[in-house]
file work.pdb (PDB, C-alpha atoms and all ligand atoms)
MODEL        1
ATOM      1  CA  MET A  59      12.635  -1.289 -21.988
ATOM      2  CA  SER A  60      12.641   2.281 -20.812
ATOM      3  CA  THR A  61      12.209   3.254 -17.198
ATOM      4  CA  HIS A  62       9.816   5.891 -18.496
ATOM      5  CA  GLU A  63       7.294   3.207 -19.479
ATOM      6  CA  ALA A  64       7.743   1.450 -16.176
ATOM      7  CA  TRP A  65       7.109   4.670 -14.255
ATOM      8  CA  SER A  66       4.107   5.531 -16.436
ATOM      9  CA  LEU A  67       2.559   2.199 -15.490
ATOM     10  CA  VAL A  68       3.174   2.866 -11.788
ATOM     11  CA  CYS A  69       1.486   6.282 -12.127
ATOM     12  CA  ARG A  70      -1.444   4.835 -14.036
ATOM     13  CA  LEU A  71      -2.042   2.033 -11.533
ATOM     14  CA  PHE A  72      -1.717   4.400  -8.575
ATOM     15  CA  ALA A  73      -4.119   6.965 -10.058
ATOM     16  CA  GLY A  74      -6.658   4.250 -10.859
ATOM     17  CA  GLY A  75      -6.305   2.586  -7.485
ATOM     18  CA  THR A  76      -7.667  -0.738  -8.766
ATOM     19  CA  PRO A  77      -6.149  -3.835 -10.395
ATOM     20  CA  VAL A  78      -5.931  -3.969 -14.187
ATOM     21  CA  PHE A  79      -6.430  -7.109 -16.272
ATOM     22  CA  ARG A  80      -3.198  -8.384 -17.776
ATOM     23  CA  GLY A  81      -5.098  -8.736 -21.046
ATOM     24  CA  ALA A  82      -5.718  -4.980 -21.048
ATOM     25  CA  LEU A  83      -2.015  -4.095 -20.772
ATOM     26  CA  SER A  84      -0.014  -3.099 -23.849
ATOM     27  CA  PRO A  85       2.997  -5.261 -24.783
ATOM     28  CA  ALA A  86       5.254  -2.484 -23.436
ATOM     29  CA  GLU A  87       3.359  -2.517 -20.141
ATOM     30  CA  ILE A  88       3.685  -6.311 -19.852
ATOM     31  CA  VAL A  89       7.445  -5.817 -20.141
ATOM     32  CA  ALA A  90       7.216  -2.957 -17.638
ATOM     33  CA  CYS A  91       5.578  -5.309 -15.131
ATOM     34  CA  ALA A  92       8.636  -7.535 -15.281
ATOM     35  CA  THR A  93      10.980  -4.545 -15.022
ATOM     36  CA  LEU A  94       9.153  -3.266 -11.953
ATOM     37  CA  GLY A  95       9.596  -6.558 -10.144
ATOM     38  CA  PRO A  96       8.113  -6.553  -6.633
ATOM     39  CA  ALA A  97       6.286  -3.259  -7.223
ATOM     40  CA  ILE A  98       3.704  -5.128  -9.288
ATOM     41  CA  LYS A  99       1.730  -7.977  -7.768
ATOM     42  CA  PRO A 100      -0.343 -10.571  -9.593
ATOM     43  CA  THR A 101      -3.977 -10.710  -8.538
ATOM     44  CA  VAL A 102      -7.324 -11.995  -9.759
ATOM     45  CA  ILE A 103     -10.258  -9.736 -10.461
ATOM     46  CA  ASN A 104     -13.593 -10.815  -8.985
ATOM     47  CA  ARG A 105     -15.073 -14.144  -9.882
ATOM     48  CA  THR A 106     -18.432 -12.962 -11.246
ATOM     49  CA  PHE A 107     -17.323 -10.847 -14.193
ATOM     50  CA  THR A 108     -14.234 -10.740 -16.355
ATOM     51  CA  LEU A 109     -12.857  -8.830 -19.293
ATOM     52  CA  CYS A 110     -13.902 -10.661 -22.469
ATOM     53  CA  PRO A 111     -10.729 -12.445 -23.664
ATOM     54  CA  TYR A 112     -11.852 -12.117 -27.283
ATOM     55  CA  CYS A 113     -12.634  -8.406 -27.702
ATOM     56  CA  GLN A 114     -10.995  -7.160 -24.474
ATOM     57  CA  LEU A 115     -13.510  -4.335 -24.496
ATOM     58  CA  HIS A 116     -16.484  -5.573 -22.501
ATOM     59  CA  SER A 117     -16.970  -7.300 -19.195
ATOM     60  CA  GLY A 118     -18.978 -10.495 -19.291
ATOM     61  CA  GLN A 119     -20.479 -12.629 -16.555
ATOM     62  CA  ILE A 120     -18.665 -15.891 -15.862
ATOM     63  CA  PHE A 121     -20.576 -19.186 -16.187
ATOM     64  CA  GLY A 122     -19.551 -22.829 -15.955
ATOM     65  CA  ASP A 123     -19.450 -24.582 -19.328
ATOM     66  CA  GLY A 124     -20.856 -27.808 -17.861
ATOM     67  CA  GLN A 125     -17.578 -29.633 -18.443
ATOM     68  CA  GLY A 126     -15.558 -28.217 -15.592
ATOM     69  CA  GLY A 127     -14.393 -25.150 -17.495
ATOM     70  CA  GLN A 128     -15.691 -21.572 -17.594
ATOM     71  CA  ILE A 129     -17.073 -19.231 -20.222
ATOM     72  CA  CYS A 130     -17.388 -15.451 -20.316
ATOM     73  CA  GLN A 131     -20.775 -14.285 -21.548
ATOM     74  CA  CYS A 132     -19.710 -11.151 -23.469
ATOM     75  CA  PRO A 133     -22.550  -8.771 -24.398
ATOM     76  CA  ASP A 134     -20.979  -8.386 -27.854
ATOM     77  CA  CYS A 135     -19.164 -11.630 -28.630
ATOM     78  CA  GLY A 136     -21.433 -14.123 -26.868
ATOM     79  CA  PRO A 137     -20.006 -17.060 -24.894
ATOM     80  CA  ILE A 138     -16.196 -17.172 -25.019
ATOM     81  CA  PRO A 139     -14.255 -20.002 -23.341
ATOM     82  CA  LEU A 140     -12.037 -18.751 -20.525
ATOM     83  CA  ALA A 141      -8.464 -19.877 -20.121
ATOM     84  CA  ALA A 142      -7.021 -20.010 -16.626
ATOM     85  CA  ASP A 143      -5.086 -16.770 -17.035
ATOM     86  CA  ASP A 144      -7.893 -14.700 -18.588
ATOM     87  CA  ARG A 145      -8.864 -13.386 -15.168
ATOM     88  CA  ALA A 146      -5.271 -12.653 -14.302
ATOM     89  CA  ALA A 147      -4.675  -9.060 -13.305
ATOM     90  CA  VAL A 148      -1.926  -6.939 -11.843
ATOM     91  CA  ARG A 149      -1.985  -4.365  -9.099
ATOM     92  CA  LEU A 150       0.522  -1.889  -7.783
ATOM     93  CA  ASP A 151       1.973  -2.758  -4.409
ATOM     94  CA  GLU A 152       1.184   0.586  -2.787
ATOM     95  CA  THR A 153       3.176  -0.280   0.318
ATOM     96  CA  TRP A 154       6.199  -0.542  -1.974
ATOM     97  CA  LEU A 155       5.326   2.845  -3.510
ATOM     98  CA  LYS A 156       5.061   4.602  -0.157
ATOM     99  CA  LEU A 157       8.224   3.022   1.196
ATOM    100  CA  LYS A 158      10.281   3.945  -1.887
ATOM    101  CA  MET A 159       8.775   7.457  -1.914
ATOM    102  CA  ARG A 160       9.959   7.947   1.658
ATOM    103  CA  ILE A 161      13.439   6.863   0.655
ATOM    104  CA  ALA A 162      13.417   9.101  -2.440
ATOM    105  CA  LEU A 163      12.473  12.138  -0.351
ATOM    106  CA  GLU A 164      14.791  11.222   2.520
ATOM    107  CA  ILE A 165      11.916  10.970   4.950
ATOM    108  CA  GLU A 166      13.473   9.527   8.045
ATOM    109  CA  SER A 167      10.858  10.383  10.639
ATOM    110  CA  ARG A 168      10.283   7.438  12.940
ATOM    111  CA  ASP A 169       6.533   7.605  12.569
ATOM    112  CA  GLY A 170       5.284   5.556   9.650
ATOM    113  CA  VAL A 171       2.881   6.360   6.878
ATOM    114  CA  THR A 172      -0.525   7.637   8.086
ATOM    115  CA  ASP A 173      -3.653   6.833   6.121
ATOM    116  CA  LEU A 174      -5.767  10.022   6.048
ATOM    117  CA  GLY A 175      -8.586   8.278   4.199
ATOM    118  CA  ASP A 176      -9.968   8.169   0.666
ATOM    119  CA  GLY A 177      -6.656   7.928  -1.147
ATOM    120  CA  VAL A 178      -4.544  10.417   0.856
ATOM    121  CA  TRP A 179      -1.563   9.457   2.985
ATOM    122  CA  ARG A 180       0.905  11.389   5.071
ATOM    123  CA  LEU A 181       4.251   9.896   4.124
ATOM    124  CA  GLY A 182       6.131  11.660   6.905
ATOM    125  CA  GLU A 183       8.240  14.807   7.140
ATOM    126  CA  ALA A 184      11.135  15.672   4.867
ATOM    127  CA  ARG A 185      13.267  18.394   6.474
ATOM    128  CA  ARG A 186      10.336  19.250   8.789
ATOM    129  CA  GLU A 187       7.949  19.609   5.849
ATOM    130  CA  PRO A 188       4.981  17.242   5.876
ATOM    131  CA  VAL A 189       4.639  15.257   2.633
ATOM    132  CA  LEU A 190       1.253  14.023   1.456
ATOM    133  CA  LEU A 191       0.641  11.417  -1.225
ATOM    134  CA  SER A 192      -2.771  11.704  -2.867
ATOM    135  CA  ARG A 193      -4.445   9.646  -5.543
ATOM    136  CA  CYS A 194      -5.837  12.844  -7.063
ATOM    137  CA  LEU A 195      -5.577  16.608  -6.603
ATOM    138  CA  SER A 196      -9.298  17.148  -6.434
ATOM    139  CA  ARG A 197      -9.600  15.080  -3.270
ATOM    140  CA  LEU A 198      -7.560  17.826  -1.539
ATOM    141  CA  TRP A 199      -9.514  20.614  -3.204
ATOM    142  CA  ALA A 200     -12.690  19.088  -1.815
ATOM    143  CA  ASP A 201     -11.269  18.704   1.695
ATOM    144  CA  PRO A 202      -8.440  21.169   2.381
ATOM    145  CA  SER A 203      -8.881  20.567   6.123
ATOM    146  CA  LEU A 204      -6.517  17.632   5.507
ATOM    147  CA  PHE A 205      -3.730  20.228   5.390
ATOM    148  CA  ASP A 206      -4.602  21.369   8.918
ATOM    149  CA  ARG A 207      -4.204  17.808  10.156
ATOM    150  CA  VAL A 208      -0.582  17.572   9.018
ATOM    151  CA  ARG A 209       0.669  21.174   9.131
ATOM    152  CA  VAL A 210       3.837  22.031  11.027
ATOM    153  CA  ALA A 211       4.191  25.669  12.171
ATOM    154  CA  GLY A 212       6.449  27.652   9.861
ATOM    155  CA  ALA A 213       6.875  24.861   7.315
ATOM    156  CA  GLY A 214       5.306  24.298   3.917
ATOM    157  CA  ILE A 215       3.485  21.174   2.835
ATOM    158  CA  ARG A 216       4.382  19.073  -0.170
ATOM    159  CA  VAL A 217       1.740  17.114  -2.057
ATOM    160  CA  ILE A 218       2.593  14.296  -4.440
ATOM    161  CA  ALA A 219      -0.309  13.583  -6.771
ATOM    162  CA  PRO A 220      -0.843  12.564 -10.383
ATOM    163  CA  ARG A 221      -1.396  15.369 -12.870
ATOM    164  CA  ALA A 222      -5.092  16.104 -13.349
ATOM    165  CA  ALA A 223      -6.394  16.240 -16.905
ATOM    166  CA  GLN A 224      -5.405  19.581 -18.462
ATOM    167  CA  MET A 225      -3.951  20.798 -15.189
ATOM    168  CA  ARG A 226      -1.735  23.878 -15.475
ATOM    169  CA  GLY A 227      -0.388  26.316 -12.964
ATOM    170  CA  ALA A 228      -0.365  25.917  -9.196
ATOM    171  CA  PRO A 229      -3.217  23.834  -7.843
ATOM    172  CA  PHE A 230      -2.962  25.079  -4.257
ATOM    173  CA  ALA A 231      -2.691  28.354  -2.389
ATOM    174  CA  SER A 232       0.770  29.421  -1.275
ATOM    175  CA  GLY A 233       2.536  27.199   1.224
ATOM    176  CA  VAL A 234       1.513  23.959  -0.454
ATOM    177  CA  GLU A 235       3.842  22.734  -3.183
ATOM    178  CA  TRP A 236       2.563  20.166  -5.647
ATOM    179  CA  LEU A 237       4.983  17.560  -6.992
ATOM    180  CA  PRO A 238       3.435  15.922 -10.072
ATOM    181  CA  LEU A 239       3.900  12.186  -9.644
ATOM    182  CA  GLU A 240       4.635  11.663 -13.339
ATOM    183  CA  GLU A 241       7.314  14.349 -13.645
ATOM    184  CA  ARG A 242       9.078  14.765 -10.330
ATOM    185  CA  PHE A 243       9.758  11.052  -9.757
ATOM    186  CA  THR A 244      10.878   8.094 -11.784
ATOM    187  CA  PHE A 245      11.631   4.404 -11.456
ATOM    188  CA  TYR A 246      15.335   3.986 -10.913
ATOM    189  CA  GLY A 247      17.498   1.106  -9.768
ATOM    190  CA  GLY A 248      14.625  -0.912  -8.379
ATOM    191  CA  GLY A 249      13.368   2.043  -6.371
ATOM    192  CA  ILE A 250      12.102   5.565  -6.909
ATOM    193  CA  ALA A 251      14.236   8.603  -7.669
ATOM    194  CA  TYR A 252      13.178  12.190  -6.960
ATOM    195  CA  ILE A 253      13.813  14.649  -9.784
ATOM    196  CA  PRO A 254      14.679  17.846  -7.900
ATOM    197  CA  SER A 255      14.364  20.908 -10.091
ATOM    198  CA  GLY A 256      11.546  20.000 -12.462
ATOM    199  CA  VAL A 257       9.138  22.447 -13.926
ATOM    200  CA  SER A 258       8.206  25.496 -11.906
ATOM    201  CA  PRO A 259       4.686  25.049 -10.598
ATOM    202  CA  GLU A 260       4.012  28.779 -11.082
ATOM    203  CA  ALA A 261       0.823  29.505 -12.876
ATOM    204  CA  VAL A 262       1.392  29.733 -16.608
ATOM    205  CA  ALA A 263      -0.919  31.126 -19.193
ATOM    206  CA  ALA A 264      -3.264  28.343 -20.143
ATOM    207  CA  ASP A 265      -4.301  27.412 -23.671
ATOM    208  CA  ASP A 266      -7.544  26.053 -22.303
ATOM    209  CA  PRO A 267      -9.593  28.657 -20.413
ATOM    210  CA  ARG A 268     -11.079  25.885 -18.253
ATOM    211  CA  THR A 269      -7.680  24.916 -16.844
ATOM    212  CA  PRO A 270      -7.550  25.199 -13.034
ATOM    213  CA  VAL A 271      -5.274  28.071 -11.998
ATOM    214  CA  TYR A 272      -6.562  29.102  -8.550
ATOM    215  CA  GLY A 273      -7.204  25.839  -6.714
ATOM    216  CA  PRO A 274     -10.064  24.188  -8.594
ATOM    217  CA  PHE A 275     -10.926  27.439 -10.445
ATOM    218  CA  SER A 276      -9.897  28.641 -13.878
ATOM    219  CA  ALA A 277      -8.111  31.990 -14.238
ATOM    220  CA  ASP A 278     -11.447  33.836 -14.595
ATOM    221  CA  PHE A 279     -13.294  31.692 -12.009
ATOM    222  CA  ARG A 280     -15.848  30.735 -14.670
ATOM    223  CA  TRP A 281     -14.801  27.045 -14.605
ATOM    224  CA  VAL A 282     -14.587  24.681 -11.638
ATOM    225  CA  THR A 283     -12.882  21.296 -11.801
ATOM    226  CA  LEU A 284     -14.168  18.757  -9.262
ATOM    227  CA  SER A 285     -13.247  15.100  -8.817
ATOM    228  CA  ASP A 286     -16.803  13.841  -8.953
ATOM    229  CA  ARG A 287     -17.593  15.539 -12.269
ATOM    230  CA  PRO A 288     -16.162  14.330 -15.593
ATOM    231  CA  GLU A 289     -16.118  17.862 -17.066
ATOM    232  CA  PRO A 290     -15.320  21.252 -15.525
ATOM    233  CA  ILE A 291     -18.450  23.087 -14.384
ATOM    234  CA  HIS A 292     -19.240  26.314 -16.221
ATOM    235  CA  CYS A 293     -20.436  29.120 -13.950
ATOM    236  CA  SER A 294     -22.312  32.316 -14.691
ATOM    237  CA  GLU A 295     -20.499  35.657 -14.446
ATOM    238  CA  GLY A 296     -22.187  36.359 -11.114
ATOM    239  CA  GLN A 297     -21.222  32.994  -9.700
ATOM    240  CA  ALA A 298     -17.642  33.501 -10.887
ATOM    241  CA  ALA A 299     -17.613  36.892  -9.146
ATOM    242  CA  VAL A 300     -18.721  35.242  -5.884
ATOM    243  CA  PHE A 301     -16.073  32.528  -6.151
ATOM    244  CA  GLY A 302     -13.427  35.117  -7.008
ATOM    245  CA  ALA A 303     -14.431  37.243  -4.010
ATOM    246  CA  LEU A 304     -14.380  34.244  -1.654
ATOM    247  CA  TRP A 305     -10.960  33.246  -3.028
ATOM    248  CA  GLY A 306      -9.759  36.790  -2.263
ATOM    249  CA  PHE A 307     -10.741  36.367   1.394
ATOM    250  CA  LYS A 308      -8.324  33.420   1.628
ATOM    251  CA  GLY A 309     -10.609  31.150   3.591
ATOM    252  CA  GLN A 310     -11.439  33.700   6.314
ATOM    253  CA  GLN A 311     -14.986  33.744   7.617
ATOM    254  CA  VAL A 312     -16.647  36.923   6.379
ATOM    255  CA  LYS A 313     -20.106  38.474   6.343
ATOM    256  CA  ALA A 314     -22.241  38.048   3.255
ATOM    257  CA  GLU A 315     -22.271  41.830   2.643
ATOM    258  CA  ALA A 316     -18.479  41.949   2.370
ATOM    259  CA  ILE A 317     -18.450  39.159  -0.199
ATOM    260  CA  MET A 318     -21.273  40.587  -2.252
ATOM    261  CA  SER A 319     -19.715  44.041  -2.255
ATOM    262  CA  ARG A 320     -16.327  42.668  -3.343
ATOM    263  CA  ALA A 321     -18.120  40.664  -6.048
ATOM    264  CA  GLY A 322     -19.955  43.834  -7.139
ATOM    265  CA  LEU A 323     -23.356  42.175  -6.866
ATOM    266  CA  SER A 324     -26.616  43.351  -5.346
ATOM    267  CA  SER A 325     -27.929  40.002  -4.046
ATOM    268  CA  ASP A 326     -28.056  39.540  -0.250
ATOM    269  CA  LYS A 327     -25.860  36.467   0.120
ATOM    270  CA  PRO A 328     -23.564  34.213  -1.934
ATOM    271  CA  SER A 329     -25.911  31.249  -1.986
ATOM    272  CA  ASP A 330     -28.578  33.325  -3.791
ATOM    273  CA  LEU A 331     -26.620  32.991  -7.009
ATOM    274  CA  PHE A 332     -26.433  29.207  -6.803
ATOM    275  CA  LYS A 333     -30.075  28.424  -6.115
ATOM    276  CA  VAL A 334     -31.655  26.178  -8.704
ATOM    277  CA  ARG A 335     -34.899  27.843  -9.718
ATOM    278  CA  PRO A 336     -37.922  25.532 -10.009
ATOM    279  CA  ARG A 337     -37.902  25.802 -13.815
ATOM    280  CA  ASP A 338     -34.218  24.785 -13.914
ATOM    281  CA  LYS A 339     -34.620  21.715 -11.671
ATOM    282  CA  GLY A 340     -32.968  18.669 -13.222
ATOM    283  CA  LYS A 341     -30.963  20.702 -15.760
ATOM    284  CA  PRO A 342     -27.368  19.441 -15.427
ATOM    285  CA  GLN A 343     -25.682  22.844 -15.755
ATOM    286  CA  TYR A 344     -27.655  24.455 -12.918
ATOM    287  CA  GLU A 345     -27.458  21.389 -10.700
ATOM    288  CA  ALA A 346     -23.680  21.259 -11.275
ATOM    289  CA  GLN A 347     -23.227  24.937 -10.345
ATOM    290  CA  HIS A 348     -25.223  24.377  -7.170
ATOM    291  CA  HIS A 349     -23.121  21.282  -6.456
ATOM    292  CA  ALA A 350     -19.866  23.253  -6.858
ATOM    293  CA  TYR A 351     -21.094  25.803  -4.324
ATOM    294  CA  GLU A 352     -22.161  23.091  -1.872
ATOM    295  CA  VAL A 353     -18.789  21.361  -2.103
ATOM    296  CA  LEU A 354     -16.554  24.440  -1.900
ATOM    297  CA  VAL A 355     -18.291  27.044   0.266
ATOM    298  CA  GLU A 356     -18.964  26.742   3.998
ATOM    299  CA  CYS A 357     -21.332  28.877   6.004
ATOM    300  CA  HIS A 358     -22.462  29.562   9.561
ATOM    301  CA  LYS A 359     -26.078  30.321   8.860
ATOM    302  CA  ARG A 360     -26.876  31.904  12.206
ATOM    303  CA  GLU A 361     -23.947  34.337  12.168
ATOM    304  CA  GLY A 362     -24.256  34.886   8.420
ATOM    305  CA  LEU A 363     -20.574  34.034   7.856
ATOM    306  CA  TYR A 364     -19.210  32.471   4.675
ATOM    307  CA  TRP A 365     -15.814  31.110   3.719
ATOM    308  CA  MET A 366     -14.097  28.897   1.172
ATOM    309  CA  PRO A 367     -11.661  26.436   2.819
ATOM    310  CA  CYS A 368      -9.702  25.697  -0.359
ATOM    311  CA  ALA A 369      -8.608  29.357  -0.504
ATOM    312  CA  SER A 370      -6.757  29.267   2.838
ATOM    313  CA  PRO A 371      -3.075  30.075   2.596
ATOM    314  CA  ASN A 372      -1.521  26.939   3.876
ATOM    315  CA  LEU A 373       1.324  28.417   5.846
ATOM    316  CA  ALA A 374       0.942  28.790   9.569
ATOM    317  CA  SER A 375       1.267  32.531  10.114
ATOM    318  CA  ALA A 376       4.276  33.588  12.112
TER     319      ALA A 376
HETATM  320 ZN    ZN B 401     -16.253  -9.542 -26.205
ENDMDL
END

call {"tool": "encode", "arguments": {"input": "work.pdb", "output": "structure tokens"}}
result
Amino acid sequence: MSTHEAWSLVCRLFAGGTPVFRGALSPAEIVACATLGPAIKPTVINRTFTLCPYCQLHSGQIFGDGQGGQICQCPDCGPIPLAADDRAAVRLDETWLKLKMRIALEIESRDGVTDLGDGVWRLGEARREPVLLSRCLSRLWADPSLFDRVRVAGAGIRVIAPRAAQMRGAPFASGVEWLPLEERFTFYGGGIAYIPSGVSPEAVAADDPRTPVYGPFSADFRWVTLSDRPEPIHCSEGQAAVFGALWGFKGQQVKAEAIMSRAGLSSDKPSDLFKVRPRDKGKPQYEAQHHAYEVLVECHKREGLYWMPCASPNLASA
């Protein structure tokens, strides 16, 4: 049994944030559960539906069989008798994870772990640097104001989060260091060990042009990766120019003219490029582009000021 498999299971359960049926675990993962000991807790997934014990692909509604037992009504297999442990599931003890993470990073601050909501926690400060644990990177891209809530003047911020699909390069502006959960930590001696050096999070040339390089944006700003979309959003050249210009202003509030001139566009204001024209209503690509703008760009309408919070350098200026 390798510790690698044990740690992979921890990462998978943390990223998912929900229990997993025992029946859906691989034989190696079943062994990993035992290896992980108190980090993994047995649980039971809700009593209305269960994973079909026969195909282990579909969920079926649970019914009584009239003789004191239960059946799973699988959409594919039909009624399948349920054994007592077919609803058995495992979950990660996230309190264990946070506690062992604090030990691994030598976080000794007296204040405990703070829940910042929606899968982000402040674990404490390691050598004066705040450390955040996040279930996904995109949660922080969507709400970079979380950094303001934990920032300490003159110190960087470290973010522990699972690797996003196809993620390359540095996910955050300078001052925020990302520690990929899968690579910079491992299960060791019943706890968690921090792997210090690791891979440099500097942006590297990406094989996939959609790969996020500047925050949620690809190197050419044509692609935006957001947590609530399964695929990166493809933007027009004009939209990419607006995003690139806003990124260049590092989250400062600026007039529309300044953005449009930096983007080299003749429209009056950034939002013009993200309007969904009546004939494009309901077309996923246009709706998605509009959505990306809504999520990432802020504006004071009255003053005509625009800014992109995720582009803020996250170091308090001296
Ligand atoms: Zn089935």

call {"tool": "atom_distance", "arguments": {"input": "work.pdb", "atom1": "atom CA of A:Ser325", "atom2": "atom CA of A:Ala299"}}
result
11.9 Å

call {"tool": "residues_near_ligand", "arguments": {"input": "work.pdb", "ligand": "ligand ZN 401 (chain B)", "cutoff": "8 Å", "atoms": "all atoms listed in the file", "output": "JSON, numbers by chain"}}
result
{"A": [109, 110, 111, 112, 113, 114, 115, 116, 117, 118, 132, 133, 134, 135, 136, 138]}

call {"tool": "residues_around", "arguments": {"input": "work.pdb", "residues": "A:Gly122", "least_positions_apart": "4", "cutoff": "12 Å", "atoms": "all atoms listed in the file", "output": "list in words"}}
result
Arg105, Thr106, Gly126, Gly127, Gln128, Ile129, Cys130, Gln131, Pro137, Ile138, Pro139 and Leu140 of chain A

call {"tool": "axis_aligned_box", "arguments": {"input": "work.pdb", "around": "stretch 268-272 of chain A", "padding_each_side": "6 Å", "output": "lines of an AutoDock Vina configuration file"}}
result
center_x = -8.2
center_y = 27.0
center_z = -13.4
size_x = 17.8
size_y = 16.2
size_z = 21.7

call {"tool": "resolve_selection", "arguments": {"input": "work.pdb", "expression": "the PyMOL selection byres (((chain A and resi 75) around 12) and not hetatm)", "output": "list of chain:residue names"}}
result
A:Leu67, A:Val68, A:Cys69, A:Arg70, A:Leu71, A:Phe72, A:Ala73, A:Gly74, A:Thr76, A:Pro77, A:Val78, A:Val148, A:Arg149, A:Leu150, A:Asp151, A:Glu152, A:Asp176, A:Gly177, A:Val178, A:Ser192, A:Arg193, A:Cys194, A:Pro220

call {"tool": "resolve_selection", "arguments": {"input": "work.pdb", "expression": "the PyMOL selection byres (((chain A and resi 291) around 7) and not hetatm)", "output": "list in words"}}
result
Trp281, Val282, Thr283, Glu289, Pro290, His292, Cys293, Ala346 and Gln347 of chain A

call {"tool": "resolve_selection", "arguments": {"input": "work.pdb", "expression": "the PyMOL selection byres (((chain A and resi 201) around 12) and not hetatm)", "output": "number ranges by chain"}}
result
A: 174-176, 178, 192, 194-200, 202-207, 273-274, 284-285, 353-356, 366-370

call {"tool": "atom_distance", "arguments": {"input": "work.pdb", "atom1": "atom CA of A:Gly233", "atom2": "atom CA of A:Ala213"}}
result
7.8 Å

call {"tool": "closest_residue", "arguments": {"input": "work.pdb", "among": "A:His62, A:Asp123, A:Phe230, A:Lys156", "to": "A:Lys308", "atoms": "all atoms listed in the file"}}
result
A:Phe230

call {"tool": "residues_around", "arguments": {"input": "work.pdb", "residues": "A:Pro85", "least_positions_apart": "5", "cutoff": "12 Å", "atoms": "all atoms listed in the file", "output": "PDB file with C-alpha atoms, in the frame of the given file"}}
result
ATOM      1  CA  MET A  59      12.635  -1.289 -21.988  1.00  0.00           C
ATOM      2  CA  GLU A  63       7.294   3.207 -19.479  1.00  0.00           C
ATOM      3  CA  ALA A  64       7.743   1.450 -16.176  1.00  0.00           C
ATOM      4  CA  LEU A  67       2.559   2.199 -15.490  1.00  0.00           C
ATOM      5  CA  ARG A  80      -3.198  -8.384 -17.776  1.00  0.00           C
ATOM      6  CA  ALA A  90       7.216  -2.957 -17.638  1.00  0.00           C
ATOM      7  CA  CYS A  91       5.578  -5.309 -15.131  1.00  0.00           C
ATOM      8  CA  ALA A  92       8.636  -7.535 -15.281  1.00  0.00           C
TER       9      ALA A  92
END

call {"tool": "closest_residue", "arguments": {"input": "work.pdb", "among": "A:Ser319, A:Thr269, A:Thr108, A:Thr61", "to": "A:Ala86", "atoms": "only C-alpha atoms"}}
result
A:Thr61

call {"tool": "closest_residue", "arguments": {"input": "work.pdb", "among": "A:Ala142, A:Leu323, A:Ile165, A:Val271", "to": "A:Trp305", "atoms": "only C-alpha atoms"}}
result
A:Val271

call {"tool": "residues_near_point", "arguments": {"input": "work.pdb", "point": "(-26.7, 24.1, -14.5)", "cutoff": "12 Å", "atoms": "all atoms listed in the file", "output": "PyMOL selection string"}}
result
chain A and resi 290-294+297+331-335+337-351

call {"tool": "closest_residue", "arguments": {"input": "work.pdb", "among": "A:Gly81, A:Arg180, A:Gly248, A:Ile120", "to": "A:Thr93", "atoms": "only C-alpha atoms"}}
result
A:Gly248

call {"tool": "residues_near_point", "arguments": {"input": "work.pdb", "point": "(-23.6, 29.1, 4.7)", "cutoff": "12 Å", "atoms": "only C-alpha atoms", "output": "CSV table (one decimal) with C-alpha atoms, in the frame of the given file"}}
result
chain,number,residue,atom,x,y,z
A,311,GLN,CA,-15.0,33.7,7.6
A,312,VAL,CA,-16.6,36.9,6.4
A,313,LYS,CA,-20.1,38.5,6.3
A,314,ALA,CA,-22.2,38.0,3.3
A,327,LYS,CA,-25.9,36.5,0.1
A,328,PRO,CA,-23.6,34.2,-1.9
A,329,SER,CA,-25.9,31.2,-2.0
A,330,ASP,CA,-28.6,33.3,-3.8
A,332,PHE,CA,-26.4,29.2,-6.8
A,351,TYR,CA,-21.1,25.8,-4.3
A,352,GLU,CA,-22.2,23.1,-1.9
A,353,VAL,CA,-18.8,21.4,-2.1
A,354,LEU,CA,-16.6,24.4,-1.9
A,355,VAL,CA,-18.3,27.0,0.3
A,356,GLU,CA,-19.0,26.7,4.0
A,357,CYS,CA,-21.3,28.9,6.0
A,358,HIS,CA,-22.5,29.6,9.6
A,359,LYS,CA,-26.1,30.3,8.9
A,360,ARG,CA,-26.9,31.9,12.2
A,361,GLU,CA,-23.9,34.3,12.2
A,362,GLY,CA,-24.3,34.9,8.4
A,363,LEU,CA,-20.6,34.0,7.9
A,364,TYR,CA,-19.2,32.5,4.7
A,365,TRP,CA,-15.8,31.1,3.7
A,366,MET,CA,-14.1,28.9,1.2
